[in-house]
>>> print(open('upload.txt').read())   # compact mmCIF, C-alpha atoms
# COMPACT_ATOMS: atom_id res chain seq x y z
CA MET O 45 12.21 0.73 11.92
CA ASP O 46 11.10 0.24 15.51
CA VAL O 47 7.60 -1.07 16.05
CA LYS O 48 5.89 -0.05 19.27
CA ASP O 49 3.86 -2.59 21.25
CA GLU O 50 0.66 -0.59 20.76
CA ASP O 51 1.25 -0.77 17.00
CA ARG O 52 0.48 -4.48 17.24
CA SER O 53 -2.75 -4.15 19.20
CA GLU O 54 -5.96 -5.59 17.80
CA GLU O 55 -7.29 -2.11 17.08
CA SER O 56 -4.09 -1.22 15.25
CA ARG O 57 -4.30 -4.48 13.30
CA LYS O 58 -7.85 -3.68 12.17
CA ASN O 59 -6.85 -0.16 11.13
CA HIS O 60 -3.81 -1.45 9.26
CA ILE O 61 -5.93 -4.04 7.43
CA LYS O 62 -8.31 -1.29 6.29
CA TYR O 63 -5.37 0.81 5.16
CA TYR O 64 -3.75 -2.18 3.43
CA ASP O 65 -6.98 -2.86 1.51
CA SER O 66 -7.22 0.83 0.64
CA LEU O 67 -3.67 0.79 -0.69
CA THR O 68 -4.43 -2.28 -2.79
CA LYS O 69 -7.44 -0.55 -4.36
CA THR O 70 -5.55 2.70 -4.92
CA ILE O 71 -2.65 0.87 -6.58
CA SER O 72 -5.10 -0.87 -8.89
CA ASP O 73 -6.73 2.46 -9.78
CA ILE O 74 -3.36 4.08 -10.47
CA ARG O 75 -2.30 1.16 -12.68
CA ASP O 76 -5.48 1.65 -14.71
CA GLU O 77 -4.74 5.36 -14.99
CA GLU O 78 -1.14 4.61 -15.94
CA LYS O 79 -2.31 2.43 -18.87
CA LEU O 80 -4.20 5.39 -20.33
CA GLU O 81 -1.46 7.94 -19.77
CA THR O 82 0.82 8.89 -22.66
CA ASN O 83 3.02 11.53 -21.00
CA PRO O 84 6.22 9.78 -19.80
CA VAL O 85 6.71 12.25 -16.93
CA ILE O 86 3.26 11.54 -15.56
CA LYS O 87 3.70 7.78 -16.10
CA ASN O 88 6.94 7.95 -14.11
CA HIS O 89 5.22 9.89 -11.33
CA LEU O 90 2.44 7.30 -11.13
CA GLU O 91 4.98 4.48 -10.98
CA LYS O 92 6.83 6.21 -8.12
CA ARG O 93 3.54 6.55 -6.23
CA ILE O 94 2.87 2.85 -6.72
CA GLU O 95 6.37 1.98 -5.49
CA ALA O 96 5.85 4.03 -2.33
CA MET O 97 2.50 2.36 -1.66
CA GLU O 98 3.99 -1.10 -2.24
CA LYS O 99 6.67 -0.31 0.36
CA ASP O 100 3.97 0.70 2.82
CA LYS O 101 2.10 -2.54 2.12
CA LEU O 102 5.29 -4.49 2.76
CA ARG O 103 5.78 -2.67 6.08
CA ILE O 104 2.26 -3.62 7.14
CA LYS O 105 2.79 -7.25 6.03
CA GLU O 106 5.91 -7.40 8.18
CA MET O 107 3.95 -6.14 11.20
CA PHE O 108 0.98 -8.45 10.56
CA PRO O 109 2.12 -11.45 8.47
CA ASP O 110 -1.37 -12.97 8.41
CA ILE O 111 -2.68 -10.17 6.17
CA THR O 112 -3.30 -11.45 2.65
CA ASP O 113 -4.25 -9.92 -0.66
CA ASP O 114 -7.74 -11.02 -1.60
>>> encode(input="upload.txt", output="structure tokens")
Amino acid sequence: MDVKDEDRSEESRKNHIKYYDSLTKTISDIRDEEKLETNPVIKNHLEKRIEAMEKDKLRIKEMFPDITDD
């Protein structure tokens, strides 16, 4: 994936950090929901959503390696 120069600007970095933190919270919420779910189809769907979000977090980490999970 090509990364444009403006994607690495300070404003972009701040926006990506907010999004990264949002993804972390959403993943945590979905994991909690997944623990309560008994339907295997829904559990699978939730896991796929988590996988997609984890890939997005990885993409952001590659753009801004100094971002850490708190």
>>> atom_distance(input="upload.txt", atom1="atom CA of O:Asp65", atom2="atom CA of O:Glu81")
24.5 Å
>>> closest_residue(input="upload.txt", among="O:Glu106, O:Glu54, O:Glu91, O:Asp113", to="O:Arg75", atoms="all atoms listed in the file")
O:Glu91
>>> atom_distance(input="upload.txt", atom1="atom CA of O:Glu77", atom2="atom CA of O:Leu90")
8.4 Å
>>> closest_residue(input="upload.txt", among="O:Arg52, O:Lys87, O:Lys92, O:Lys99", to="O:Leu67", atoms="all atoms listed in the file")
O:Lys99
>>> residues_around(input="upload.txt", residues="O:Ile104", least_positions_apart="2", cutoff="12 Å", atoms="all atoms listed in the file", output="MDAnalysis selection string")
chainID O and resid 45 47 51:52 56:65 67 97:102 106:113
>>> atom_distance(input="upload.txt", atom1="atom CA of O:Glu78", atom2="atom CA of O:Lys105")
25.3 Å
>>> build_atoms(input="upload.txt", residues="stretch 51-85 of chain O", atoms="N, CA and C atoms", output="PDB file, in the frame of the given file")
ATOM      1  N   ASP O  51       1.433  -0.634  18.437  1.00  0.00           N
ATOM      2  CA  ASP O  51       1.250  -0.770  17.000  1.00  0.00           C
ATOM      3  C   ASP O  51       0.758  -2.153  16.615  1.00  0.00           C
ATOM      4  N   ARG O  52       0.901  -3.107  17.521  1.00  0.00           N
ATOM      5  CA  ARG O  52       0.480  -4.480  17.240  1.00  0.00           C
ATOM      6  C   ARG O  52      -0.821  -4.858  17.942  1.00  0.00           C
ATOM      7  N   SER O  53      -1.487  -3.880  18.518  1.00  0.00           N
ATOM      8  CA  SER O  53      -2.750  -4.150  19.200  1.00  0.00           C
ATOM      9  C   SER O  53      -3.799  -4.592  18.176  1.00  0.00           C
ATOM     10  N   GLU O  54      -4.895  -5.138  18.688  1.00  0.00           N
ATOM     11  CA  GLU O  54      -5.960  -5.590  17.800  1.00  0.00           C
ATOM     12  C   GLU O  54      -6.589  -4.412  17.059  1.00  0.00           C
ATOM     13  N   GLU O  55      -6.740  -3.294  17.736  1.00  0.00           N
ATOM     14  CA  GLU O  55      -7.290  -2.110  17.080  1.00  0.00           C
ATOM     15  C   GLU O  55      -6.359  -1.628  15.962  1.00  0.00           C
ATOM     16  N   SER O  56      -5.066  -1.617  16.260  1.00  0.00           N
ATOM     17  CA  SER O  56      -4.090  -1.220  15.250  1.00  0.00           C
ATOM     18  C   SER O  56      -4.118  -2.185  14.072  1.00  0.00           C
ATOM     19  N   ARG O  57      -4.243  -3.457  14.364  1.00  0.00           N
ATOM     20  CA  ARG O  57      -4.300  -4.480  13.300  1.00  0.00           C
ATOM     21  C   ARG O  57      -5.485  -4.214  12.379  1.00  0.00           C
ATOM     22  N   LYS O  58      -6.660  -3.952  12.973  1.00  0.00           N
ATOM     23  CA  LYS O  58      -7.850  -3.680  12.170  1.00  0.00           C
ATOM     24  C   LYS O  58      -7.659  -2.442  11.303  1.00  0.00           C
ATOM     25  N   ASN O  59      -7.087  -1.399  11.884  1.00  0.00           N
ATOM     26  CA  ASN O  59      -6.850  -0.160  11.130  1.00  0.00           C
ATOM     27  C   ASN O  59      -5.844  -0.387  10.004  1.00  0.00           C
ATOM     28  N   HIS O  60      -4.806  -1.175  10.280  1.00  0.00           N
ATOM     29  CA  HIS O  60      -3.810  -1.450   9.260  1.00  0.00           C
ATOM     30  C   HIS O  60      -4.399  -2.305   8.123  1.00  0.00           C
ATOM     31  N   ILE O  61      -5.291  -3.226   8.465  1.00  0.00           N
ATOM     32  CA  ILE O  61      -5.930  -4.040   7.430  1.00  0.00           C
ATOM     33  C   ILE O  61      -6.771  -3.151   6.521  1.00  0.00           C
ATOM     34  N   LYS O  62      -7.520  -2.228   7.106  1.00  0.00           N
ATOM     35  CA  LYS O  62      -8.310  -1.290   6.290  1.00  0.00           C
ATOM     36  C   LYS O  62      -7.406  -0.480   5.377  1.00  0.00           C
ATOM     37  N   TYR O  63      -6.302   0.004   5.941  1.00  0.00           N
ATOM     38  CA  TYR O  63      -5.370   0.810   5.160  1.00  0.00           C
ATOM     39  C   TYR O  63      -4.723  -0.036   4.066  1.00  0.00           C
ATOM     40  N   TYR O  64      -4.353  -1.258   4.391  1.00  0.00           N
ATOM     41  CA  TYR O  64      -3.750  -2.180   3.430  1.00  0.00           C
ATOM     42  C   TYR O  64      -4.707  -2.404   2.253  1.00  0.00           C
ATOM     43  N   ASP O  65      -5.977  -2.656   2.568  1.00  0.00           N
ATOM     44  CA  ASP O  65      -6.980  -2.860   1.510  1.00  0.00           C
ATOM     45  C   ASP O  65      -7.153  -1.596   0.672  1.00  0.00           C
ATOM     46  N   SER O  66      -7.116  -0.451   1.340  1.00  0.00           N
ATOM     47  CA  SER O  66      -7.220   0.830   0.640  1.00  0.00           C
ATOM     48  C   SER O  66      -6.045   1.020  -0.310  1.00  0.00           C
ATOM     49  N   LEU O  67      -4.854   0.684   0.156  1.00  0.00           N
ATOM     50  CA  LEU O  67      -3.670   0.790  -0.690  1.00  0.00           C
ATOM     51  C   LEU O  67      -3.784  -0.117  -1.913  1.00  0.00           C
ATOM     52  N   THR O  68      -4.267  -1.331  -1.693  1.00  0.00           N
ATOM     53  CA  THR O  68      -4.430  -2.280  -2.790  1.00  0.00           C
ATOM     54  C   THR O  68      -5.366  -1.715  -3.851  1.00  0.00           C
ATOM     55  N   LYS O  69      -6.483  -1.148  -3.424  1.00  0.00           N
ATOM     56  CA  LYS O  69      -7.440  -0.550  -4.360  1.00  0.00           C
ATOM     57  C   LYS O  69      -6.832   0.652  -5.070  1.00  0.00           C
ATOM     58  N   THR O  70      -6.150   1.506  -4.329  1.00  0.00           N
ATOM     59  CA  THR O  70      -5.550   2.700  -4.920  1.00  0.00           C
ATOM     60  C   THR O  70      -4.487   2.326  -5.950  1.00  0.00           C
ATOM     61  N   ILE O  71      -3.669   1.334  -5.635  1.00  0.00           N
ATOM     62  CA  ILE O  71      -2.650   0.870  -6.580  1.00  0.00           C
ATOM     63  C   ILE O  71      -3.312   0.375  -7.861  1.00  0.00           C
ATOM     64  N   SER O  72      -4.382  -0.374  -7.722  1.00  0.00           N
ATOM     65  CA  SER O  72      -5.100  -0.870  -8.890  1.00  0.00           C
ATOM     66  C   SER O  72      -5.642   0.293  -9.732  1.00  0.00           C
ATOM     67  N   ASP O  73      -6.204   1.283  -9.070  1.00  0.00           N
ATOM     68  CA  ASP O  73      -6.730   2.460  -9.780  1.00  0.00           C
ATOM     69  C   ASP O  73      -5.611   3.216 -10.512  1.00  0.00           C
ATOM     70  N   ILE O  74      -4.481   3.364  -9.853  1.00  0.00           N
ATOM     71  CA  ILE O  74      -3.360   4.080 -10.470  1.00  0.00           C
ATOM     72  C   ILE O  74      -2.818   3.297 -11.660  1.00  0.00           C
ATOM     73  N   ARG O  75      -2.762   1.976 -11.547  1.00  0.00           N
ATOM     74  CA  ARG O  75      -2.300   1.160 -12.680  1.00  0.00           C
ATOM     75  C   ARG O  75      -3.232   1.324 -13.885  1.00  0.00           C
ATOM     76  N   ASP O  76      -4.525   1.406 -13.619  1.00  0.00           N
ATOM     77  CA  ASP O  76      -5.480   1.650 -14.710  1.00  0.00           C
ATOM     78  C   ASP O  76      -5.239   3.016 -15.339  1.00  0.00           C
ATOM     79  N   GLU O  77      -5.021   4.009 -14.501  1.00  0.00           N
ATOM     80  CA  GLU O  77      -4.740   5.360 -14.990  1.00  0.00           C
ATOM     81  C   GLU O  77      -3.436   5.385 -15.792  1.00  0.00           C
ATOM     82  N   GLU O  78      -2.456   4.649 -15.294  1.00  0.00           N
ATOM     83  CA  GLU O  78      -1.140   4.610 -15.940  1.00  0.00           C
ATOM     84  C   GLU O  78      -1.245   4.026 -17.366  1.00  0.00           C
ATOM     85  N   LYS O  79      -2.128   3.048 -17.552  1.00  0.00           N
ATOM     86  CA  LYS O  79      -2.310   2.430 -18.870  1.00  0.00           C
ATOM     87  C   LYS O  79      -2.829   3.433 -19.897  1.00  0.00           C
ATOM     88  N   LEU O  80      -3.605   4.396 -19.426  1.00  0.00           N
ATOM     89  CA  LEU O  80      -4.200   5.390 -20.330  1.00  0.00           C
ATOM     90  C   LEU O  80      -3.303   6.594 -20.566  1.00  0.00           C
ATOM     91  N   GLU O  81      -2.315   6.756 -19.714  1.00  0.00           N
ATOM     92  CA  GLU O  81      -1.460   7.940 -19.770  1.00  0.00           C
ATOM     93  C   GLU O  81      -0.411   7.813 -20.879  1.00  0.00           C
ATOM     94  N   THR O  82      -0.185   8.891 -21.601  1.00  0.00           N
ATOM     95  CA  THR O  82       0.820   8.890 -22.660  1.00  0.00           C
ATOM     96  C   THR O  82       2.052   9.733 -22.314  1.00  0.00           C
ATOM     97  N   ASN O  83       1.910  10.661 -21.388  1.00  0.00           N
ATOM     98  CA  ASN O  83       3.020  11.530 -21.000  1.00  0.00           C
ATOM     99  C   ASN O  83       3.996  10.735 -20.123  1.00  0.00           C
ATOM    100  N   PRO O  84       5.258  10.576 -20.556  1.00  0.00           N
ATOM    101  CA  PRO O  84       6.220   9.780 -19.800  1.00  0.00           C
ATOM    102  C   PRO O  84       6.516  10.348 -18.400  1.00  0.00           C
ATOM    103  N   VAL O  85       6.448  11.649 -18.252  1.00  0.00           N
ATOM    104  CA  VAL O  85       6.710  12.250 -16.930  1.00  0.00           C
ATOM    105  C   VAL O  85       5.606  11.856 -15.959  1.00  0.00           C
TER     106      VAL O  85
END
